[in-house]
>>> print(open('model-v3.txt').read())   # compact mmCIF, C-alpha atoms
# COMPACT_ATOMS: atom_id res chain seq x y z
CA MET C 10 69.60 119.34 101.66
CA ILE C 11 72.21 118.06 104.11
CA ARG C 12 71.16 117.39 107.68
CA ILE C 13 72.99 116.23 110.77
CA ILE C 14 71.48 113.02 112.17
CA PRO C 15 70.77 113.13 115.94
CA ASP C 16 71.67 110.33 118.36
CA ASP C 17 68.01 109.37 118.86
CA TYR C 18 67.46 108.67 115.17
CA SER C 19 66.31 105.18 114.13
CA SER C 20 69.31 102.93 113.52
CA THR C 21 67.19 100.77 111.20
CA GLU C 22 66.23 103.72 109.02
CA TYR C 23 69.82 104.96 109.00
CA ASN C 24 71.19 101.61 107.86
CA LYS C 25 68.75 101.50 104.95
CA LEU C 26 70.85 104.26 103.38
CA ALA C 27 74.26 103.01 104.58
CA HIS C 28 76.63 101.62 101.99
CA HIS C 29 79.15 99.55 103.98
CA PRO C 30 79.66 98.14 107.51
CA LEU C 31 81.94 101.10 108.31
CA GLN C 32 79.07 103.44 107.48
CA THR C 33 76.46 101.73 109.64
CA TRP C 34 74.87 103.07 112.79
CA GLU C 35 76.53 100.30 114.79
CA TRP C 36 80.02 101.20 113.58
CA GLY C 37 79.45 104.84 114.51
CA ALA C 38 78.23 103.80 117.95
CA ALA C 39 81.33 101.63 118.43
CA ARG C 40 83.71 104.40 117.41
CA LYS C 41 81.92 106.80 119.73
CA GLU C 42 82.36 104.32 122.58
CA THR C 43 86.11 104.20 121.87
CA GLY C 44 86.26 107.93 122.55
CA VAL C 45 86.15 109.19 118.96
CA GLU C 46 83.76 111.99 118.04
CA ILE C 47 81.39 111.10 115.21
CA LEU C 48 79.26 113.11 112.82
CA ARG C 49 76.37 111.46 111.00
CA LEU C 50 74.93 113.17 107.93
CA SER C 51 72.28 112.45 105.32
CA ASP C 52 71.69 113.96 101.90
CA GLY C 53 68.39 112.12 101.54
CA LYS C 54 69.85 109.37 99.38
CA ASN C 55 72.95 108.36 101.33
CA VAL C 56 74.27 108.59 104.86
CA PHE C 57 77.82 109.48 105.87
CA THR C 58 79.44 108.48 109.17
CA LEU C 59 82.43 110.74 109.70
CA THR C 60 84.87 110.14 112.56
CA LEU C 61 86.72 113.13 114.05
CA HIS C 62 90.09 112.51 115.68
CA SER C 63 91.58 115.02 118.11
CA LEU C 64 95.07 116.43 117.73
CA VAL C 65 96.62 119.32 119.72
CA TYR C 66 95.04 122.68 120.57
CA LYS C 67 91.55 121.35 119.78
CA TYR C 68 92.45 120.72 116.12
CA LYS C 69 91.08 117.56 114.53
CA ILE C 70 91.22 115.45 111.40
CA GLY C 71 88.22 113.74 109.85
CA TYR C 72 87.87 110.33 108.28
CA LEU C 73 85.14 109.08 105.95
CA PRO C 74 85.77 105.38 105.25
CA ARG C 75 84.01 103.29 102.63
CA SER C 76 81.10 105.59 101.78
CA VAL C 77 79.74 106.40 98.35
CA ILE C 78 81.52 109.24 96.54
CA PRO C 79 80.25 112.43 98.23
CA SER C 80 78.50 114.93 96.00
CA LYS C 81 79.68 118.52 95.62
CA THR C 82 76.90 119.53 98.00
CA VAL C 83 78.13 117.10 100.67
CA LEU C 84 81.75 118.21 100.21
CA SER C 85 80.66 121.83 100.52
CA PHE C 86 78.91 120.99 103.79
CA PHE C 87 82.05 119.20 105.03
CA SER C 88 84.15 122.27 104.18
CA ASP C 89 81.88 124.68 106.03
CA TYR C 90 81.57 122.39 109.05
CA CYS C 91 85.31 121.77 109.21
CA LYS C 92 86.18 125.47 109.04
CA LYS C 93 83.91 126.13 112.02
CA ASN C 94 85.25 123.19 114.05
CA LYS C 95 89.06 123.39 113.57
CA ILE C 96 89.21 120.29 111.36
CA ILE C 97 92.41 120.36 109.28
CA PHE C 98 91.31 117.91 106.60
CA VAL C 99 89.00 114.98 105.92
CA LYS C 100 90.35 111.74 104.48
CA ILE C 101 87.81 110.19 102.09
CA GLU C 102 88.14 106.55 100.95
CA PRO C 103 85.01 105.51 99.00
CA ASP C 104 83.92 101.92 98.57
CA VAL C 105 83.64 102.47 94.83
CA GLU C 106 85.40 100.62 92.05
CA LYS C 107 87.74 102.57 89.81
CA SER C 108 86.61 102.75 86.19
CA SER C 109 86.54 105.14 83.25
CA ASN C 110 82.98 106.07 84.19
CA ASN C 111 83.54 107.17 87.78
CA GLU C 112 86.75 109.19 87.88
CA THR C 113 84.59 111.73 89.68
CA MET C 114 86.91 112.21 92.64
CA LYS C 115 89.47 113.91 90.42
CA GLN C 116 87.02 116.55 89.22
CA PHE C 117 86.77 118.13 92.68
CA ASN C 118 89.34 120.92 92.82
CA ASN C 119 89.48 120.94 96.62
CA LEU C 120 90.47 117.26 96.87
CA THR C 121 94.06 116.04 96.78
CA ILE C 122 95.33 112.47 96.45
CA SER C 123 96.27 111.26 99.92
CA SER C 124 99.95 110.60 100.55
CA HIS C 125 99.12 108.00 103.22
CA PRO C 126 95.97 105.97 102.50
CA LEU C 127 94.52 103.92 105.33
CA PHE C 128 92.79 101.36 103.11
CA PRO C 129 94.58 99.40 100.38
CA SER C 130 93.72 100.57 96.87
CA TRP C 131 93.01 96.97 95.83
CA THR C 132 90.86 94.16 97.16
CA GLN C 133 89.80 90.73 95.91
CA ILE C 134 86.15 89.84 95.47
CA LEU C 135 84.56 86.43 95.09
CA ASP C 136 81.27 86.07 93.23
CA LEU C 137 79.03 83.86 95.38
CA ASN C 138 76.31 83.43 92.74
CA HIS C 139 77.36 79.84 92.16
CA THR C 140 76.72 76.52 93.86
CA GLU C 141 79.20 75.25 96.44
CA ASP C 142 80.35 72.57 94.00
CA GLU C 143 80.92 75.16 91.26
CA LEU C 144 82.86 77.39 93.63
CA LEU C 145 85.03 74.55 94.90
CA LYS C 146 85.84 73.41 91.36
CA SER C 147 86.86 76.96 90.42
CA PHE C 148 89.51 77.22 93.16
CA HIS C 149 93.17 76.70 92.37
CA SER C 150 94.12 73.04 92.61
CA LYS C 151 96.49 73.64 95.51
CA THR C 152 93.74 75.43 97.45
CA ARG C 153 91.33 72.52 96.90
CA TYR C 154 94.05 70.09 97.98
CA ASN C 155 94.70 72.03 101.19
CA ILE C 156 90.98 72.18 102.01
CA ARG C 157 90.66 68.41 101.63
CA LEU C 158 93.86 67.87 103.63
CA ALA C 159 92.53 69.89 106.55
CA GLU C 160 89.25 67.96 106.49
CA LYS C 161 91.04 64.60 106.25
CA LYS C 162 93.36 65.44 109.17
CA GLY C 163 90.41 66.31 111.41
CA VAL C 164 90.29 70.10 111.38
CA VAL C 165 86.79 71.29 112.30
CA VAL C 166 85.38 74.79 111.78
CA LYS C 167 82.69 76.17 114.08
CA GLU C 168 80.79 79.44 114.13
CA MET C 169 81.14 80.88 117.64
CA SER C 170 79.56 84.31 117.41
CA ASP C 171 79.48 84.77 121.17
CA LEU C 172 81.78 86.06 123.91
CA ASP C 173 83.74 82.78 124.11
CA GLY C 174 84.31 82.87 120.37
CA PHE C 175 85.40 86.48 120.49
CA GLU C 176 87.95 85.76 123.22
CA ILE C 177 89.47 82.94 121.15
CA PHE C 178 89.53 85.14 118.05
CA SER C 179 91.09 88.04 119.98
CA LYS C 180 93.90 85.87 121.33
CA LEU C 181 94.78 84.50 117.89
CA TYR C 182 94.47 87.93 116.28
CA PHE C 183 96.87 89.67 118.65
CA GLU C 184 99.30 86.75 118.57
CA THR C 185 99.39 87.23 114.80
CA CYS C 186 99.80 91.01 115.09
CA LYS C 187 102.77 90.54 117.40
CA ARG C 188 104.33 87.91 115.16
CA GLN C 189 103.96 90.05 112.04
CA LYS C 190 104.82 93.33 113.82
CA TYR C 191 101.46 94.78 112.83
CA TYR C 192 99.56 97.34 114.92
CA GLY C 193 95.99 96.11 115.26
CA HIS C 194 94.49 98.65 117.70
CA THR C 195 93.92 97.24 121.22
CA PRO C 196 91.95 94.37 122.76
CA LYS C 197 89.58 96.96 124.27
CA TYR C 198 88.98 98.53 120.86
CA HIS C 199 88.16 95.18 119.26
CA LYS C 200 85.91 94.20 122.17
CA ILE C 201 83.91 97.41 121.69
CA ILE C 202 83.62 96.81 117.95
CA TRP C 203 82.46 93.23 118.57
CA GLU C 204 79.89 94.21 121.22
CA ASN C 205 78.31 96.78 118.91
CA LEU C 206 78.29 94.72 115.72
CA LYS C 207 77.62 91.21 117.03
CA LYS C 208 73.84 91.39 116.79
CA ASN C 209 73.42 92.25 113.13
CA ILE C 210 76.78 92.38 111.37
CA ALA C 211 79.71 90.48 112.94
CA HIS C 212 80.30 86.72 112.88
CA ILE C 213 83.20 84.66 114.22
CA LEU C 214 84.48 81.39 112.73
CA ILE C 215 87.15 79.26 114.39
CA ALA C 216 89.11 76.28 113.06
CA PHE C 217 89.95 73.66 115.70
CA TYR C 218 92.14 70.58 115.80
CA ASP C 219 91.63 68.36 118.85
CA ASN C 220 89.80 71.31 120.46
CA VAL C 221 92.87 73.54 119.96
CA PRO C 222 92.01 76.75 118.04
CA LEU C 223 94.33 77.14 115.04
CA ALA C 224 92.77 80.01 113.08
CA SER C 225 89.88 82.44 113.41
CA TYR C 226 88.11 85.12 111.36
CA GLU C 227 85.85 87.94 112.38
CA LEU C 228 83.56 88.50 109.40
CA PHE C 229 81.07 91.28 108.64
CA TYR C 230 77.85 90.70 106.72
CA PHE C 231 75.93 93.69 105.40
CA LYS C 232 73.54 94.14 102.48
CA ASN C 233 74.31 90.93 100.58
CA THR C 234 78.08 91.25 100.98
CA LEU C 235 80.39 89.29 103.28
CA TYR C 236 83.61 91.02 104.39
CA TYR C 237 86.80 89.58 105.89
CA PRO C 238 88.35 92.42 107.93
CA TYR C 239 90.17 90.52 110.70
CA GLY C 240 91.89 87.17 111.06
CA GLY C 241 94.41 85.42 113.27
CA THR C 242 96.33 82.16 113.24
CA SER C 243 98.32 80.00 115.62
CA ILE C 244 101.84 78.76 115.00
CA GLN C 245 100.71 75.29 116.03
CA HIS C 246 99.95 72.58 113.45
CA ARG C 247 100.50 74.88 110.49
CA ASN C 248 100.91 71.78 108.29
CA LEU C 249 97.19 71.04 108.74
CA MET C 250 96.16 73.95 106.48
CA ALA C 251 93.43 75.08 108.86
CA SER C 252 93.24 78.53 107.25
CA ASN C 253 92.29 77.05 103.88
CA LEU C 254 89.38 75.15 105.37
CA LEU C 255 88.41 78.19 107.45
CA MET C 256 88.15 80.38 104.35
CA TRP C 257 86.06 77.74 102.60
CA GLU C 258 83.69 77.60 105.56
CA ALA C 259 83.56 81.42 105.56
CA ILE C 260 82.46 81.29 101.92
CA LYS C 261 79.76 78.76 102.77
CA LEU C 262 78.61 80.92 105.69
CA GLY C 263 78.33 83.89 103.33
CA LYS C 264 76.07 81.91 101.00
CA LYS C 265 73.99 80.76 103.97
CA LEU C 266 73.52 84.37 105.09
CA GLY C 267 72.43 85.40 101.61
CA ALA C 268 75.60 87.11 100.40
CA THR C 269 76.10 87.43 96.66
CA LYS C 270 79.73 88.51 96.94
CA PHE C 271 82.64 88.16 99.36
CA ASP C 272 84.93 91.18 99.72
CA MET C 273 88.33 90.06 101.05
CA TRP C 274 88.91 93.62 102.42
CA GLY C 275 92.41 94.30 101.11
CA SER C 276 95.10 92.98 98.79
CA LEU C 277 97.99 93.86 96.56
CA GLY C 278 97.15 94.43 92.91
CA PRO C 279 97.20 91.65 90.31
CA ASP C 280 100.81 92.28 89.24
CA TYR C 281 102.19 92.14 92.76
CA ASP C 282 105.81 91.69 93.74
CA PRO C 283 106.21 88.19 95.27
CA SER C 284 108.75 89.60 97.74
CA ASN C 285 106.25 92.12 99.14
CA ASP C 286 105.17 91.58 102.77
CA TRP C 287 101.56 91.29 101.60
CA ALA C 288 102.29 88.75 98.86
CA GLY C 289 101.48 85.78 101.09
CA PHE C 290 97.91 86.66 101.96
CA THR C 291 97.33 88.12 98.47
CA ARG C 292 98.29 84.74 96.99
CA PHE C 293 96.20 82.93 99.61
CA LYS C 294 93.06 84.88 98.67
CA GLU C 295 93.82 84.50 94.96
CA GLY C 296 93.60 80.74 95.40
CA TYR C 297 89.81 81.04 95.79
CA ASN C 298 89.35 82.28 92.21
CA THR C 299 88.73 85.86 93.27
CA LYS C 300 88.63 88.93 91.03
CA PHE C 301 91.08 91.78 91.67
CA VAL C 302 89.21 95.05 92.12
CA GLU C 303 90.73 98.54 92.36
CA PHE C 304 89.03 101.33 94.28
CA VAL C 305 88.87 104.99 93.21
CA GLY C 306 91.51 105.76 95.82
CA SER C 307 92.16 107.83 98.91
CA TYR C 308 91.65 111.61 98.85
CA ASP C 309 92.02 114.42 101.35
CA LEU C 310 89.61 117.33 101.56
CA VAL C 311 92.06 119.99 102.73
CA ILE C 312 90.62 122.75 104.91
CA ASN C 313 93.77 124.22 106.46
CA PRO C 314 96.64 123.91 103.92
CA ILE C 315 99.40 125.07 106.29
CA PHE C 316 98.48 122.70 109.13
CA TYR C 317 97.89 119.96 106.55
CA LYS C 318 101.52 120.22 105.40
CA ILE C 319 102.75 120.18 109.01
CA TYR C 320 100.60 117.12 109.77
CA ASN C 321 101.96 115.24 106.74
CA PHE C 322 105.56 116.07 107.69
CA ILE C 323 105.04 114.79 111.25
CA TYR C 324 103.32 111.68 109.88
CA PHE C 325 106.32 111.09 107.58
CA LEU C 326 108.75 111.34 110.51
CA ARG C 327 106.58 108.97 112.57
CA GLU C 328 106.66 106.36 109.77
CA ILE C 329 110.45 106.51 109.63
CA TYR C 330 110.65 106.13 113.42
CA LEU C 331 108.37 103.08 113.43
CA LYS C 332 110.39 101.40 110.68
CA LEU C 333 113.60 101.93 112.62
CA LYS C 334 112.23 100.49 115.88
>>> encode(input="model-v3.txt", output="structure tokens")
Amino acid sequence: MIRIIPDDYSSTEYNKLAHHPLQTWEWGAARKETGVEILRLSDGKNVFTLTLHSLVYKYKIGYLPRSVIPSKTVLSFFSDYCKKNKIIFVKIEPDVEKSSNNETMKQFNNLTISSHPLFPSWTQILDLNHTEDELLKSFHSKTRYNIRLAEKKGVVVKEMSDLDGFEIFSKLYFETCKRQKYYGHTPKYHKIIWENLKKNIAHILIAFYDNVPLASYELFYFKNTLYYPYGGTSIQHRNLMASNLLMWEAIKLGKKLGATKFDMWGSLGPDYDPSNDWAGFTRFKEGYNTKFVEFVGSYDLVINPIFYKIYNFIYFLREIYLKLK
């Protein structure tokens, strides 16, 4: 039986059934604070935090990020709810590895492969069930060299999971977004996310040289997994390889917190084109002896086929416009 979870429900009990940081009570609360409508559901075994984004004439689109694969019963509930609430479609991007045993998304007739996924189809994952020495020895030689270089030159990494740390991270993050012409939401958005997740999920690490911040990560820890969703770097002292040491300290923090794996959040696939814009950070992550993992993919539960086609056409035009700017 599917039930809608009320706002006064226990966040602790909800998170016991959550699968990923983007399915936690705290993430839903943050998105709600940013002005997005949320719908929390439970089927008794799993919870689903669905965000609803307003378009024109009270129409909306739904987004279900990084959940388990919804059952037919859950999808049926989504369909009925969406029809009653002018929701054109729901984008579903499960946090589930692709394999011959779980091609279950394709068996749902009312799901279509999304033409514009929001999450990459690949990530890289590091197994943390090894000692620090074993992990360090497993890294690519150049990565180990860069870590030692940063240490030798005096780069120091500190955890600053407080407001001061967030402000430093935010500055570096948006400097990087501007430099790489990447849209990373707004400072207000990230502040809201941080304020809601800082108690139980979010951590901030910063690499300094002579008290000058050179690189920073905002990391999420949830249910024995460390995640690396956001990072920023300075253009200063790039020869000091601060990012290499920062990632190594992030790995050590994950082990300290009790993580058994480190999900790098997104990546190209293993046979990536070295000229691709993402090749740099894919190669960077690969240096830590990670495993390439492919997800089941991005699917749309289409409720209103006509408006869905119109939405996709407008989205296509918007992408062309942004590339030409």
>>> residues_near_point(input="model-v3.txt", point="(89.0, 87.5, 93.8)", cutoff="7 Å", atoms="all atoms listed in the file", output="PDB file with C-alpha atoms, keeping the file's coordinate frame")
ATOM      1  CA  GLN C 133      89.800  90.730  95.910  1.00  0.00           C
ATOM      2  CA  ILE C 134      86.150  89.840  95.470  1.00  0.00           C
ATOM      3  CA  LEU C 135      84.560  86.430  95.090  1.00  0.00           C
ATOM      4  CA  LYS C 294      93.060  84.880  98.670  1.00  0.00           C
ATOM      5  CA  GLU C 295      93.820  84.500  94.960  1.00  0.00           C
ATOM      6  CA  TYR C 297      89.810  81.040  95.790  1.00  0.00           C
ATOM      7  CA  ASN C 298      89.350  82.280  92.210  1.00  0.00           C
ATOM      8  CA  THR C 299      88.730  85.860  93.270  1.00  0.00           C
ATOM      9  CA  LYS C 300      88.630  88.930  91.030  1.00  0.00           C
ATOM     10  CA  PHE C 301      91.080  91.780  91.670  1.00  0.00           C
TER      11      PHE C 301
END
>>> residues_around(input="model-v3.txt", residues="Ser76 (chain C)", least_positions_apart="6", cutoff="9 Å", atoms="only C-alpha atoms", output="list of chain:residue names")
C:Ala27, C:His28, C:His29, C:Leu31, C:Gln32, C:Asn55, C:Val56, C:Phe57, C:Thr58, C:Ile101, C:Glu102, C:Pro103, C:Asp104, C:Val105
>>> write_last_selection(input="model-v3.txt", atoms="C-alpha atoms", output="mmCIF file, keeping the file's coordinate frame")
data_model
loop_
_atom_site.group_PDB
_atom_site.id
_atom_site.type_symbol
_atom_site.label_atom_id
_atom_site.label_comp_id
_atom_site.auth_asym_id
_atom_site.auth_seq_id
_atom_site.Cartn_x
_atom_site.Cartn_y
_atom_site.Cartn_z
ATOM 1 C CA ALA C 27 74.260 103.010 104.580
ATOM 2 C CA HIS C 28 76.630 101.620 101.990
ATOM 3 C CA HIS C 29 79.150 99.550 103.980
ATOM 4 C CA LEU C 31 81.940 101.100 108.310
ATOM 5 C CA GLN C 32 79.070 103.440 107.480
ATOM 6 C CA ASN C 55 72.950 108.360 101.330
ATOM 7 C CA VAL C 56 74.270 108.590 104.860
ATOM 8 C CA PHE C 57 77.820 109.480 105.870
ATOM 9 C CA THR C 58 79.440 108.480 109.170
ATOM 10 C CA ILE C 101 87.810 110.190 102.090
ATOM 11 C CA GLU C 102 88.140 106.550 100.950
ATOM 12 C CA PRO C 103 85.010 105.510 99.000
ATOM 13 C CA ASP C 104 83.920 101.920 98.570
ATOM 14 C CA VAL C 105 83.640 102.470 94.830
#
>>> atom_distance(input="model-v3.txt", atom1="CA of Leu266 (chain C)", atom2="CA of Phe128 (chain C)")
25.8 Å
>>> axis_aligned_box(input="model-v3.txt", around="region 47-53 of chain C", padding_each_side="6 Å", output="AutoDock Vina command-line options")
--center_x 74.9 --center_y 112.5 --center_z 108.4 --size_x 25.0 --size_y 14.9 --size_z 25.7
>>> atom_distance(input="model-v3.txt", atom1="CA of Thr195 (chain C)", atom2="CA of Lys180 (chain C)")
11.4 Å
>>> residues_around(input="model-v3.txt", residues="Pro196 (chain C)", least_positions_apart="6", cutoff="12 Å", atoms="only C-alpha atoms", output="PyMOL selection string")
chain C and resi 43+175-184+186+202-203
>>> residues_around(input="model-v3.txt", residues="Gly306 (chain C)", least_positions_apart="2", cutoff="8 Å", atoms="all atoms listed in the file", output="CSV table (one decimal) with C-alpha atoms, in the coordinates of the input")
chain,number,residue,atom,x,y,z
C,102,GLU,CA,88.1,106.6,101.0
C,103,PRO,CA,85.0,105.5,99.0
C,107,LYS,CA,87.7,102.6,89.8
C,122,ILE,CA,95.3,112.5,96.4
C,130,SER,CA,93.7,100.6,96.9
C,304,PHE,CA,89.0,101.3,94.3
C,308,TYR,CA,91.6,111.6,98.8
>>> closest_residue(input="model-v3.txt", among="C:Asp272, C:Asp286, C:Asp219, C:Glu141", to="Pro30 (chain C)", atoms="only C-alpha atoms")
C:Asp272
>>> residues_around(input="model-v3.txt", residues="His125 (chain C)", least_positions_apart="5", cutoff="9 Å", atoms="only C-alpha atoms", output="list in words")
Ser307, Asn321, Tyr324 and Phe325 of chain C
>>> residues_around(input="model-v3.txt", residues="region 78-89 of chain C", least_positions_apart="5", cutoff="8 Å", atoms="all atoms listed in the file", output="number ranges by chain")
C: 11, 52, 103-105, 113-114, 117, 310, 312
>>> atom_distance(input="model-v3.txt", atom1="CA of Gln189 (chain C)", atom2="CA of Phe290 (chain C)")
12.2 Å
>>> closest_residue(input="model-v3.txt", among="C:Ala159, C:Val221, C:Leu48, C:Leu214", to="Ala259 (chain C)", atoms="all atoms listed in the file")
C:Leu214
>>> closest_residue(input="model-v3.txt", among="C:Lys92, C:Lys100, C:Pro129, C:Arg188", to="Tyr72 (chain C)", atoms="only C-alpha atoms")
C:Lys100
>>> closest_residue(input="model-v3.txt", among="C:Glu35, C:Thr21, C:Lys151, C:Thr234", to="Asp136 (chain C)", atoms="all atoms listed in the file")
C:Thr234
>>> closest_residue(input="model-v3.txt", among="C:Arg153, C:Arg292, C:His194, C:Lys25", to="Thr132 (chain C)", atoms="all atoms listed in the file")
C:Arg292
>>> closest_residue(input="model-v3.txt", among="C:Tyr320, C:Tyr226, C:Tyr191, C:Phe271", to="Glu168 (chain C)", atoms="all atoms listed in the file")
C:Tyr226
>>> decode(input="model-v3.txt", residues="region 31-51 of chain C", atoms="N, CA and C atoms", output="compact mmCIF listing (two decimals), in the first residue's frame")
# COMPACT_ATOMS: atom_id res chain seq x y z
N LEU C 31 19.94 12.14 -1.74
CA LEU C 31 18.90 12.90 -2.44
C LEU C 31 17.50 12.33 -2.21
N GLN C 32 17.43 11.29 -1.38
CA GLN C 32 16.13 10.73 -0.99
C GLN C 32 15.88 10.89 0.50
N THR C 33 16.75 11.61 1.19
CA THR C 33 16.60 11.78 2.63
C THR C 33 15.56 12.85 2.97
N TRP C 34 15.16 12.82 4.21
CA TRP C 34 14.23 13.84 4.72
C TRP C 34 14.85 15.24 4.59
N GLU C 35 16.14 15.32 4.92
CA GLU C 35 16.83 16.61 4.90
C GLU C 35 16.88 17.21 3.49
N TRP C 36 17.11 16.36 2.49
CA TRP C 36 17.15 16.87 1.12
C TRP C 36 15.77 17.39 0.71
N GLY C 37 14.73 16.66 1.07
CA GLY C 37 13.38 17.12 0.77
C GLY C 37 13.08 18.45 1.44
N ALA C 38 13.51 18.58 2.69
CA ALA C 38 13.28 19.84 3.41
C ALA C 38 14.02 20.99 2.74
N ALA C 39 15.24 20.72 2.28
CA ALA C 39 16.02 21.76 1.59
C ALA C 39 15.35 22.19 0.29
N ARG C 40 14.91 21.21 -0.49
CA ARG C 40 14.26 21.54 -1.76
C ARG C 40 12.96 22.32 -1.52
N LYS C 41 12.26 21.95 -0.47
CA LYS C 41 11.03 22.68 -0.14
C LYS C 41 11.34 24.13 0.21
N GLU C 42 12.45 24.33 0.93
CA GLU C 42 12.85 25.68 1.32
C GLU C 42 13.27 26.52 0.11
N THR C 43 13.73 25.87 -0.95
CA THR C 43 14.09 26.60 -2.17
C THR C 43 12.87 26.97 -3.00
N GLY C 44 11.70 26.54 -2.57
CA GLY C 44 10.47 26.90 -3.27
C GLY C 44 9.91 25.81 -4.15
N VAL C 45 10.51 24.62 -4.08
CA VAL C 45 10.05 23.49 -4.89
C VAL C 45 9.06 22.66 -4.07
N GLU C 46 7.98 22.26 -4.70
CA GLU C 46 7.00 21.40 -4.04
C GLU C 46 7.57 19.99 -3.96
N ILE C 47 7.35 19.31 -2.84
CA ILE C 47 7.84 17.94 -2.71
C ILE C 47 6.69 17.01 -2.34
N LEU C 48 6.86 15.75 -2.72
CA LEU C 48 5.92 14.70 -2.37
C LEU C 48 6.72 13.54 -1.82
N ARG C 49 6.44 13.16 -0.58
CA ARG C 49 7.12 12.03 0.04
C ARG C 49 6.16 10.84 0.11
N LEU C 50 6.64 9.69 -0.35
CA LEU C 50 5.81 8.48 -0.38
C LEU C 50 6.55 7.33 0.28
N SER C 51 5.80 6.34 0.71
CA SER C 51 6.38 5.10 1.23
C SER C 51 5.55 3.91 0.73
